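Chemist: The structure under discussion is supplied below as structure tokens; questions concerning it will follow.
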Amino acid sequence: MGSYCDIYLHKDLDETYFVSRNGHKIEHINLTEAKIACEELYNRFDWTNLELVIIQAELMPWDVLGKGLIKNEFEGYLNAHQQHLAFIQKSRLFEKLLKVQSGSAYTAFQNDRKALRGKAFREKYPGHVIRQHSALQELNIPDMEQYAHGINIFEQQVMHYGQEAVLHFKPFNILKKYMLTGVKKYRMTTKPTAR
């Protein structure tokens, strides 16, 4: 998993630059490292009559452009769920709620709710008991094993795709080739904005 990137691969490798999915020139990466990563790709072309090749690629790893997103969003989300799970397990909150739901007072309340109507039901149960048992009935208690398993999978994915590695590209399409002969020299009509 990486970040989308258009590579503007020039015959003069030093002129090569990179553009994001949104059309912004990518300048906040190690450009020297990125150009070195393009050398293998560069060597696949016969540059005799070529001036420029525009290539769609994934800029790898995801960490290169997505470090802030990984740290602030994905790791934050993971941390929130890990703390939530730890609190629930430590407090045994859901265990206690399930115990109340399986108790005789709650079962009697549910049976009376079906059998008694209006005033008779309200006379038997005070308002606070009705509110408590009604809220307990509406509560959706998750499967804690499945929740913990989901958190573990999410953590593995974030750690795997968010790890630091050597910058490289995975090309998947050639958008355009600009030739030296027979075609006007390539000029961008609008330059990508630096970001």
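Order determines the names: the first chain of the structure tokens is A, the second B, and so forth; residues in each chain are numbered 1 upward, and ligands are numbered 1 upward as they are shown.
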What's the 6 Å shell around A:Glu51, counting only C-alpha atoms, without same-chain residues fewer than 2 positions away, as an NGL selection string?
Modeler: :A and (10-11 or 178-180)
Chemist: For the selection you just gave me, I'd like the residues written to a file as a compact mmCIF listing (two decimals), in the first residue's frame, keeping all heavy atoms.
Modeler:
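The file below, again_6.txt, is the result:
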# COMPACT_ATOMS: atom_id res chain seq x y z
N HIS A 10 12.00 12.46 -16.93
CA HIS A 10 12.67 13.20 -18.01
C HIS A 10 13.91 12.46 -18.49
O HIS A 10 14.53 11.70 -17.74
CB HIS A 10 13.08 14.59 -17.51
CG HIS A 10 11.94 15.55 -17.46
ND1 HIS A 10 11.71 16.50 -18.41
CD2 HIS A 10 10.95 15.70 -16.53
CE1 HIS A 10 10.64 17.21 -18.08
NE2 HIS A 10 10.17 16.74 -16.96
N LYS A 11 14.27 12.77 -19.74
CA LYS A 11 15.51 12.22 -20.30
C LYS A 11 16.68 12.62 -19.41
O LYS A 11 17.55 11.82 -19.13
CB LYS A 11 15.72 12.74 -21.73
CG LYS A 11 16.94 12.16 -22.41
CD LYS A 11 16.99 12.58 -23.86
CE LYS A 11 18.11 11.82 -24.56
NZ LYS A 11 18.04 11.99 -26.02
N TYR A 178 6.54 11.60 -24.68
CA TYR A 178 6.84 12.76 -25.53
C TYR A 178 8.15 12.50 -26.24
O TYR A 178 9.18 12.30 -25.60
CB TYR A 178 6.91 14.04 -24.69
CG TYR A 178 5.55 14.47 -24.19
CD1 TYR A 178 5.07 14.03 -22.96
CD2 TYR A 178 4.76 15.30 -24.96
CE1 TYR A 178 3.82 14.42 -22.52
CE2 TYR A 178 3.49 15.69 -24.52
CZ TYR A 178 3.04 15.24 -23.31
OH TYR A 178 1.79 15.62 -22.87
N MET A 179 8.08 12.53 -27.57
CA MET A 179 9.23 12.22 -28.41
C MET A 179 9.98 13.51 -28.77
O MET A 179 9.40 14.59 -28.80
CB MET A 179 8.79 11.53 -29.70
CG MET A 179 7.85 10.34 -29.47
SD MET A 179 8.54 9.03 -28.47
CE MET A 179 9.53 8.21 -29.67
N LEU A 180 11.26 13.37 -29.06
CA LEU A 180 12.07 14.52 -29.48
C LEU A 180 11.81 14.89 -30.92
O LEU A 180 11.83 16.05 -31.28
CB LEU A 180 13.56 14.22 -29.30
CG LEU A 180 14.07 14.22 -27.87
CD1 LEU A 180 15.50 13.71 -27.81
CD2 LEU A 180 13.99 15.60 -27.26
Chemist: Determine which residues of stretch 61-136 of chain A receive a DSSP assignment of alpha helix (DSSP H), computed from the backbone, and state them as JSON, numbers by chain.
Modeler: {"A": [63, 64, 65, 66, 67, 68, 69, 75, 76, 77, 78, 79, 80, 81, 82, 83, 84, 85, 86, 87, 88, 89, 90, 91, 93, 94, 95, 96, 97, 98, 99, 100, 101, 104, 105, 106, 107, 108, 109, 110, 111, 112, 113, 114, 115, 118, 119, 120, 121, 122, 123, 124, 127, 128, 129, 130, 131, 132, 133, 134, 135, 136]}
Chemist: For the selection you just gave me, I'd like the residues written to a file as a CSV table (one decimal), in the first residue's frame, keeping C-alpha atoms.
Modeler:
chain,number,residue,atom,x,y,z
A,63,ASP,CA,4.7,6.1,5.2
A,64,VAL,CA,6.5,8.4,2.8
A,65,LEU,CA,3.5,10.6,2.2
A,66,GLY,CA,1.1,9.2,4.7
A,67,LYS,CA,3.1,9.4,7.9
A,68,GLY,CA,0.9,12.1,9.5
A,69,LEU,CA,-2.2,10.3,8.5
A,75,GLU,CA,-2.8,4.9,15.2
A,76,GLY,CA,-5.1,7.2,17.2
A,77,TYR,CA,-8.1,5.2,16.2
A,78,LEU,CA,-6.3,2.0,17.1
A,79,ASN,CA,-5.3,3.4,20.5
A,80,ALA,CA,-8.8,4.6,21.3
A,81,HIS,CA,-10.2,1.1,20.6
A,82,GLN,CA,-7.4,-0.6,22.6
A,83,GLN,CA,-8.1,1.6,25.6
A,84,HIS,CA,-11.8,1.1,25.2
A,85,LEU,CA,-11.4,-2.7,25.2
A,86,ALA,CA,-9.0,-2.6,28.2
A,87,PHE,CA,-11.5,-0.5,30.1
A,88,ILE,CA,-14.4,-2.8,29.3
A,89,GLN,CA,-12.3,-5.9,30.2
A,90,LYS,CA,-11.0,-4.4,33.5
A,91,SER,CA,-14.4,-3.0,34.6
A,93,LEU,CA,-19.0,-3.7,32.6
A,94,PHE,CA,-20.6,-5.9,29.9
A,95,GLU,CA,-20.4,-9.0,32.2
A,96,LYS,CA,-22.4,-7.0,34.8
A,97,LEU,CA,-24.9,-5.8,32.3
A,98,LEU,CA,-25.5,-9.3,31.0
A,99,LYS,CA,-25.9,-10.6,34.6
A,100,VAL,CA,-28.6,-7.9,35.1
A,101,GLN,CA,-30.3,-8.9,31.8
A,104,SER,CA,-35.2,-12.4,37.6
A,105,ALA,CA,-36.1,-8.7,38.1
A,106,TYR,CA,-35.3,-7.9,34.5
A,107,THR,CA,-37.0,-11.0,33.1
A,108,ALA,CA,-40.2,-10.2,35.2
A,109,PHE,CA,-40.1,-6.6,33.9
A,110,GLN,CA,-39.9,-7.8,30.3
A,111,ASN,CA,-42.8,-10.2,30.9
A,112,ASP,CA,-44.9,-7.5,32.5
A,113,ARG,CA,-44.1,-5.1,29.7
A,114,LYS,CA,-45.8,-7.6,27.3
A,115,ALA,CA,-48.7,-8.5,29.6
A,118,GLY,CA,-50.5,1.7,30.4
A,119,LYS,CA,-51.5,2.6,34.0
A,120,ALA,CA,-51.2,-0.9,35.4
A,121,PHE,CA,-47.6,-1.2,34.2
A,122,ARG,CA,-46.6,2.3,35.5
A,123,GLU,CA,-48.2,1.5,38.9
A,124,LYS,CA,-46.1,-1.6,39.2
A,127,GLY,CA,-40.3,5.7,36.3
A,128,HIS,CA,-36.6,5.3,37.1
A,129,VAL,CA,-36.9,1.5,36.9
A,130,ILE,CA,-38.8,1.7,33.5
A,131,ARG,CA,-36.0,4.0,32.2
A,132,GLN,CA,-33.2,1.8,33.5
A,133,HIS,CA,-34.7,-1.5,32.1
A,134,SER,CA,-35.7,0.2,28.8
A,135,ALA,CA,-32.1,1.5,28.4
A,136,LEU,CA,-30.7,-1.9,29.2
Chemist: Find, counting only C-alpha atoms, the residue in A:Gln137, A:Asn72, A:Asn152, A:Gln56 that gets nearest to A:Asn173.
Modeler: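 Among A:Gln137, A:Asn72, A:Asn152, A:Gln56, it is A:Gln56 that comes nearest to A:Asn173.
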Chemist: Just the number, please: distance in Å from atom CA of A:Gly23 to atom CA of A:Ile36, one decimal.
Modeler: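 Those two atoms sit 22.3 Å apart.
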Chemist: Counting only C-alpha atoms, figure out which residue out of A:Arg21, A:Trp62, A:Glu27, A:Asp6 gets nearest to A:His160.
Modeler: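 The closest residue to A:His160 is A:Trp62.
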Chemist: Using DSSP assignments from the backbone, pull out every residue in stretch 5-176 of chain A that falls under strand (DSSP E) and give it to me as number ranges by chain.
Modeler: A: 5-10, 17-19, 24-25, 50-60, 168-176
Chemist: Next, the residues of the selection above should be written as a compact mmCIF listing (two decimals), in the first residue's frame with C-alpha atoms.
Modeler:
# COMPACT_ATOMS: atom_id res chain seq x y z
CA CYS A 5 2.00 9.41 -7.74
CA ASP A 6 2.52 10.50 -11.36
CA ILE A 7 6.20 10.36 -12.28
CA TYR A 8 7.30 12.94 -14.86
CA LEU A 9 10.37 10.97 -15.92
CA HIS A 10 12.67 13.20 -18.01
CA TYR A 17 9.51 15.39 -10.65
CA PHE A 18 6.47 13.85 -9.01
CA VAL A 19 2.81 14.86 -8.84
CA HIS A 24 0.20 19.00 -6.63
CA LYS A 25 3.93 18.77 -7.18
CA LEU A 50 12.28 10.28 -25.95
CA GLU A 51 12.17 13.45 -23.92
CA LEU A 52 9.59 12.66 -21.24
CA VAL A 53 7.47 9.73 -20.02
CA ILE A 54 4.56 10.27 -17.64
CA ILE A 55 3.99 7.19 -15.50
CA GLN A 56 1.25 6.38 -13.01
CA ALA A 57 2.69 4.67 -9.95
CA GLU A 58 2.37 3.98 -6.27
CA LEU A 59 4.92 5.81 -4.17
CA MET A 60 5.98 3.23 -1.60
CA HIS A 168 10.46 2.99 -4.17
CA PHE A 169 7.83 3.04 -6.90
CA LYS A 170 5.42 0.45 -8.25
CA PRO A 171 4.48 1.65 -11.74
CA PHE A 172 1.20 0.50 -13.21
CA ASN A 173 0.56 2.59 -16.32
CA ILE A 174 2.29 4.81 -18.88
CA LEU A 175 0.11 7.86 -19.48
CA LYS A 176 2.11 9.58 -22.20
Chemist: Can you work out the spacing between atom CA of A:Ile70 and atom CA of A:Ile29 in Å, to one decimal?
Modeler: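 Calculated distance between atom CA of A:Ile70 and atom CA of A:Ile29 is 16.2 Å.
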Chemist: To one decimal in Å, tell me the separation between atom CA of A:Glu73 and atom CA of A:Gln157.
Modeler: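 Result for atom CA of A:Glu73 versus atom CA of A:Gln157: 13.7 Å, one decimal.
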